[in-house]
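Reproduced below: run-v3.csv, with CSV, C-alpha atoms.
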chain,number,residue,atom,x,y,z
E,1,MET,CA,-0.2,44.8,74.7
E,2,VAL,CA,1.5,46.4,71.8
E,3,ARG,CA,4.5,48.5,72.7
E,4,PRO,CA,4.8,51.9,71.0
E,5,THR,CA,7.5,51.9,68.4
E,6,LYS,CA,10.4,54.3,68.6
E,7,LYS,CA,10.7,57.0,65.9
E,8,LYS,CA,13.3,55.9,63.5
E,9,GLN,CA,16.4,58.1,63.9
E,10,ILE,CA,18.1,59.5,60.8
E,11,GLN,CA,21.7,58.4,60.8
E,12,ASN,CA,23.3,61.5,59.3
E,13,LEU,CA,20.8,64.2,59.9
E,14,GLN,CA,23.0,67.0,58.5
E,15,GLU,CA,23.3,65.3,55.1
E,16,ALA,CA,19.6,64.3,55.1
E,17,ILE,CA,18.7,68.0,55.6
E,18,LYS,CA,20.9,69.0,52.7
E,19,GLU,CA,19.5,66.3,50.4
E,20,THR,CA,16.0,67.3,51.3
E,21,ALA,CA,16.9,70.9,50.6
E,22,TRP,CA,18.1,70.0,47.1
E,23,LYS,CA,14.9,68.2,46.4
E,24,GLN,CA,12.9,71.2,47.6
E,25,ILE,CA,15.0,73.5,45.3
E,26,ALA,CA,14.4,71.2,42.4
E,27,GLU,CA,10.7,71.2,42.9
E,28,PHE,CA,10.0,74.8,44.0
E,29,GLY,CA,13.2,76.8,43.4
E,30,ALA,CA,15.9,78.1,45.8
E,31,PRO,CA,13.9,81.2,46.9
E,32,ALA,CA,11.2,78.9,48.4
E,33,LEU,CA,13.7,77.0,50.5
E,34,SER,CA,12.2,76.5,54.0
E,35,LEU,CA,13.7,74.9,57.1
E,36,ARG,CA,10.3,74.2,58.5
E,37,ALA,CA,9.2,72.5,55.3
E,38,ILE,CA,12.4,70.4,55.4
E,39,ALA,CA,11.6,69.4,59.0
E,40,ARG,CA,8.1,68.3,58.0
E,41,GLU,CA,9.5,66.2,55.2
E,42,LEU,CA,12.0,64.5,57.5
E,43,LYS,CA,9.4,64.2,60.3
E,44,ILE,CA,11.6,66.0,62.8
E,45,THR,CA,11.2,69.2,64.8
E,46,ALA,CA,12.4,72.5,63.6
E,47,PRO,CA,14.8,72.9,66.5
E,48,ALA,CA,16.6,69.7,65.4
E,49,ILE,CA,17.5,71.5,62.1
E,50,TYR,CA,18.6,74.6,64.0
E,51,ASN,CA,21.3,72.5,65.7
E,52,TYR,CA,23.0,72.2,62.3
E,53,PHE,CA,21.7,75.3,60.4
E,54,PRO,CA,20.6,78.2,62.6
E,55,ASP,CA,18.7,79.8,59.7
E,56,ARG,CA,18.0,79.5,56.0
E,57,ASP,CA,21.0,81.5,54.9
E,58,ALA,CA,23.4,79.1,56.8
E,59,LEU,CA,21.8,76.2,54.9
E,60,VAL,CA,22.1,78.0,51.5
E,61,THR,CA,25.8,78.7,52.2
E,62,ALA,CA,26.4,75.0,53.0
E,63,LEU,CA,24.7,74.0,49.8
E,64,ILE,CA,26.7,76.5,47.8
E,65,ILE,CA,30.0,75.2,49.3
E,66,ASP,CA,29.0,71.5,48.6
E,67,ALA,CA,28.1,72.5,45.0
E,68,TYR,CA,31.5,74.2,44.5
E,69,LYS,CA,33.3,71.2,45.9
E,70,SER,CA,31.5,68.9,43.5
E,71,PHE,CA,32.1,71.2,40.6
E,72,GLY,CA,35.8,71.7,41.5
E,73,ASP,CA,36.3,67.9,41.9
E,74,SER,CA,34.9,67.3,38.4
E,75,GLN,CA,37.1,70.0,36.9
E,76,VAL,CA,40.3,68.8,38.6
E,77,GLU,CA,39.6,65.1,37.7
E,78,ALA,CA,39.0,66.0,34.1
E,79,ARG,CA,42.3,67.9,33.9
E,80,ASP,CA,44.3,65.2,35.6
E,81,ALA,CA,42.9,62.4,33.4
E,82,ILE,CA,44.9,64.0,30.5
E,83,PRO,CA,48.7,64.0,30.5
E,84,ALA,CA,50.2,67.4,31.6
E,85,LYS,CA,52.0,67.8,28.3
E,86,ASN,CA,48.7,67.6,26.3
E,87,VAL,CA,47.5,71.1,27.1
E,88,LEU,CA,45.0,71.2,24.3
E,89,GLY,CA,43.5,67.9,25.5
E,90,ARG,CA,43.3,69.2,29.0
E,91,MET,CA,41.5,72.4,27.9
E,92,LYS,CA,38.9,70.3,26.0
E,93,ALA,CA,38.5,67.9,28.8
E,94,ILE,CA,37.8,70.7,31.3
E,95,GLY,CA,35.3,72.3,28.9
E,96,LEU,CA,33.4,69.1,28.4
E,97,ALA,CA,33.4,68.3,32.1
E,98,TYR,CA,31.9,71.7,32.8
E,99,ARG,CA,28.9,71.1,30.7
E,100,THR,CA,28.5,67.5,31.8
E,101,TRP,CA,28.5,68.6,35.5
E,102,ALA,CA,26.0,71.4,34.8
E,103,HIS,CA,23.6,69.0,33.1
E,104,THR,CA,24.0,66.3,35.8
E,105,TYR,CA,23.4,68.8,38.7
E,106,PRO,CA,21.3,71.7,37.2
E,107,GLN,CA,20.1,72.8,40.7
E,108,ARG,CA,23.6,73.0,42.0
E,109,TYR,CA,24.8,74.8,38.9
E,110,GLN,CA,22.0,77.4,39.2
E,111,LEU,CA,22.6,77.9,42.8
E,112,ILE,CA,26.2,78.9,42.4
E,113,PHE,CA,26.0,80.6,38.9
E,114,GLY,CA,22.3,81.5,38.5
E,115,THR,CA,19.9,84.1,39.7
E,116,PRO,CA,20.7,85.3,43.3
E,117,ILE,CA,18.3,84.3,46.0
E,118,PRO,CA,16.4,87.4,47.3
E,119,GLY,CA,17.5,88.4,50.8
E,120,TYR,CA,20.6,86.1,50.7
E,121,GLU,CA,24.1,87.6,50.8
E,122,ALA,CA,26.8,85.1,50.4
E,123,PRO,CA,29.6,85.2,53.0
E,124,LEU,CA,32.6,85.8,50.7
E,125,MET,CA,35.3,84.5,52.9
E,126,GLU,CA,33.5,81.2,53.6
E,127,ILE,CA,32.8,80.5,49.9
E,128,LEU,CA,35.9,82.0,48.3
E,129,PRO,CA,38.2,79.0,48.9
E,130,PHE,CA,35.8,76.6,47.2
E,131,GLY,CA,34.9,79.0,44.4
E,132,ALA,CA,38.6,79.6,43.7
E,133,ARG,CA,39.4,75.9,43.6
E,134,SER,CA,36.5,75.3,41.2
E,135,LEU,CA,38.2,77.5,38.6
E,136,SER,CA,41.8,76.4,39.5
E,137,ALA,CA,41.9,73.6,36.9
E,138,LEU,CA,41.2,76.0,34.0
E,139,VAL,CA,43.5,78.7,35.4
E,140,SER,CA,46.4,76.2,35.7
E,141,VAL,CA,46.0,75.1,32.0
E,142,VAL,CA,46.0,78.8,30.9
E,143,GLU,CA,49.0,79.5,33.1
E,144,GLN,CA,50.8,76.5,31.5
E,145,LEU,CA,50.1,78.0,28.1
E,146,ARG,CA,51.4,81.3,29.2
E,147,THR,CA,54.6,80.0,30.7
E,148,SER,CA,55.3,77.8,27.7
E,149,GLY,CA,54.8,80.7,25.3
E,150,LYS,CA,51.7,79.2,23.7
E,151,LEU,CA,49.1,81.6,25.1
E,152,ASN,CA,47.9,83.7,22.1
E,153,VAL,CA,47.0,87.0,23.6
E,154,LYS,CA,48.3,90.0,21.7
E,155,SER,CA,46.4,92.6,23.6
E,156,PHE,CA,44.1,92.2,26.6
E,157,PRO,CA,42.2,94.7,28.8
E,158,GLU,CA,44.1,95.5,31.9
E,159,VAL,CA,42.5,94.6,35.2
E,160,LYS,CA,41.4,97.7,37.0
E,161,VAL,CA,43.5,98.6,40.1
E,162,GLU,CA,40.6,98.2,42.5
E,163,TYR,CA,40.1,94.6,41.4
E,164,LYS,CA,43.7,93.5,41.6
E,165,ALA,CA,43.5,92.8,45.4
E,166,GLY,CA,40.7,90.4,44.6
E,167,PHE,CA,42.8,88.5,42.1
E,168,GLU,CA,45.6,88.3,44.7
E,169,MET,CA,43.2,86.9,47.2
E,170,TRP,CA,42.1,84.3,44.7
E,171,LYS,CA,45.6,83.0,44.3
E,172,LYS,CA,45.7,82.1,48.0
E,173,TYR,CA,43.1,79.4,47.4
E,174,GLY,CA,43.2,78.7,43.6
E,175,GLY,CA,46.9,78.5,43.1
E,176,ASP,CA,49.6,80.9,42.0
E,177,ALA,CA,49.1,82.2,38.5
E,178,ASP,CA,49.8,85.4,36.6
E,179,ILE,CA,47.0,88.0,36.5
E,180,LEU,CA,46.8,87.6,32.7
E,181,SER,CA,46.1,83.9,33.1
E,182,LEU,CA,43.4,84.5,35.6
E,183,SER,CA,41.8,87.2,33.4
E,184,VAL,CA,41.9,84.9,30.3
E,185,ALA,CA,40.4,82.1,32.3
E,186,MET,CA,37.6,84.3,33.4
E,187,VAL,CA,36.8,85.2,29.8
E,188,ILE,CA,36.8,81.5,28.7
E,189,TRP,CA,34.6,80.6,31.7
E,190,ALA,CA,32.2,83.4,30.8
E,191,ARG,CA,31.8,82.1,27.2
E,192,VAL,CA,31.1,78.5,28.1
E,193,HIS,CA,28.9,79.6,31.0
E,194,GLY,CA,26.8,81.6,28.7
E,195,ILE,CA,26.0,78.7,26.4
E,196,VAL,CA,25.4,76.2,29.2
E,197,SER,CA,23.2,78.6,31.2
E,198,LEU,CA,21.0,79.3,28.1
E,199,GLU,CA,20.9,75.6,27.4
E,200,ILE,CA,19.8,74.6,30.9
E,201,ALA,CA,17.1,77.2,30.8
E,202,GLY,CA,15.8,76.0,27.5
E,203,ASN,CA,16.6,79.3,25.8
E,204,LEU,CA,19.0,78.3,23.1
E,205,PRO,CA,17.2,78.8,19.8
E,206,PRO,CA,17.7,78.0,16.9
E,207,PHE,CA,19.8,75.1,18.0
E,208,GLY,CA,17.0,73.0,19.6
E,209,ALA,CA,16.9,71.5,23.1
E,210,SER,CA,20.5,70.3,22.9
E,211,GLY,CA,23.4,72.6,22.3
E,212,ASP,CA,26.0,69.9,21.6
E,213,ASP,CA,27.1,71.3,18.2
E,214,LEU,CA,27.1,74.9,19.3
E,215,TYR,CA,29.1,74.1,22.5
E,216,LEU,CA,31.7,72.1,20.6
E,217,TYR,CA,32.0,74.9,18.1
E,218,GLU,CA,32.6,77.5,20.9
E,219,MET,CA,35.2,75.3,22.5
E,220,ASP,CA,37.0,75.0,19.2
E,221,SER,CA,36.8,78.7,18.7
E,222,ILE,CA,38.3,79.3,22.2
E,223,THR,CA,41.2,77.0,21.6
E,224,LYS,CA,41.9,78.6,18.1
E,225,GLN,CA,41.8,82.0,19.7
E,226,PHE,CA,43.9,81.5,22.7
E,227,ILE,CA,46.3,78.6,21.9
E,228,LYS,CA,49.2,79.1,19.4
E,229,GLU,CA,49.8,76.2,17.1
Represent the supplied structure as structure tokens.
Amino acid sequence: MVRPTKKKQIQNLQEAIKETAWKQIAEFGAPALSLRAIARELKITAPAIYNYFPDRDALVTALIIDAYKSFGDSQVEARDAIPAKNVLGRMKAIGLAYRTWAHTYPQRYQLIFGTPIPGYEAPLMEILPFGARSLSALVSVVEQLRTSGKLNVKSFPEVKVEYKAGFEMWKKYGGDADILSLSVAMVIWARVHGIVSLEIAGNLPPFGASGDDLYLYEMDSITKQFIKE
């Protein structure tokens, strides 16, 4: 008599759920994310998923936090691989790491920086610590330029009063820095983000499928604009 075999248990179900979610996002897009579809893929019951993620939004939040962690790690590692005194080298390393990470993990990049998921509202206080840390490497380099007198900013738009509290909140998680350094870092981020986002979406004419030259040109433009020789 053949005994029935036991269903193979998944060792780390929480991570398996998230990995399956990333595969689903890659194939169908984040708006199509479905807990029941993930359960079918893993051959488990839907309630088993609810033990970890009570609804789709909870899973999306966990994925966003993981993405920010990965992105932040890549930025900090790139910065710290260059000696602290080589500020220009650190700026370039961070910029290159930004694009490399985005191309390596396009679904993660799009989830945190791309089109919002309909019906999903990100819980700010859950995500803020990780989002702030992800930008902290760039901010720290800009702050180093400012404190050493090498930040080339003759005039810069002043942050509106209603947004200053948000900048102060950022410092709690991203490190202490002058509001000018935070503002300049946001502008630098916006510029590289624009090119990378267009490139990943395949919308970067007339430079072809790869934006290598354009990206390096923009990084060079940024350093010339903001760093005094």
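In this model, the gap between CA of Pro118 (chain E) and CA of Ile25 (chain E) comes to 14.1 Å.
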Within 7 Å of region 76-81 of chain E, counting all atoms listed in the file, which residues qualify if same-chain residues fewer than 6 places away don't, as a PyMOL selection string? chain E and resi 90+93-94+97+137
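As for CA of Pro157 (chain E) and CA of Ser197 (chain E), they are spaced 25.0 Å apart.
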What does the structure give for the distance between CA of Phe156 (chain E) and CA of Pro129 (chain E), in Å to one decimal?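 CA of Phe156 (chain E) sits 26.6 Å away from CA of Pro129 (chain E).
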How would you write as number ranges by chain the residues that get within 7 Å of (46.5, 80.2, 34.7) in the file's frame, counting all atoms listed in the file? E: 138-144, 177-178, 181-182, 185
Which of these, E:Phe71, E:Tyr173, E:Phe167, E:Phe226, has the shortest distance to Ile112 (chain E) once you count only C-alpha atoms? E:Phe71
So that I can see what lies close to Ile227 (chain E), please list as a PyMOL selection string the residues with an atom at most 7 Å from it, counting only C-alpha atoms and leaving out residues fewer than 2 positions away in the same chain. chain E and resi 150-152+223-225+229
Ranking E:Gln14, E:Thr104, E:Pro31, E:Ile64 by minimum distance to Ile49 (chain E) and counting all atoms listed in the file, which one comes first? E:Gln14
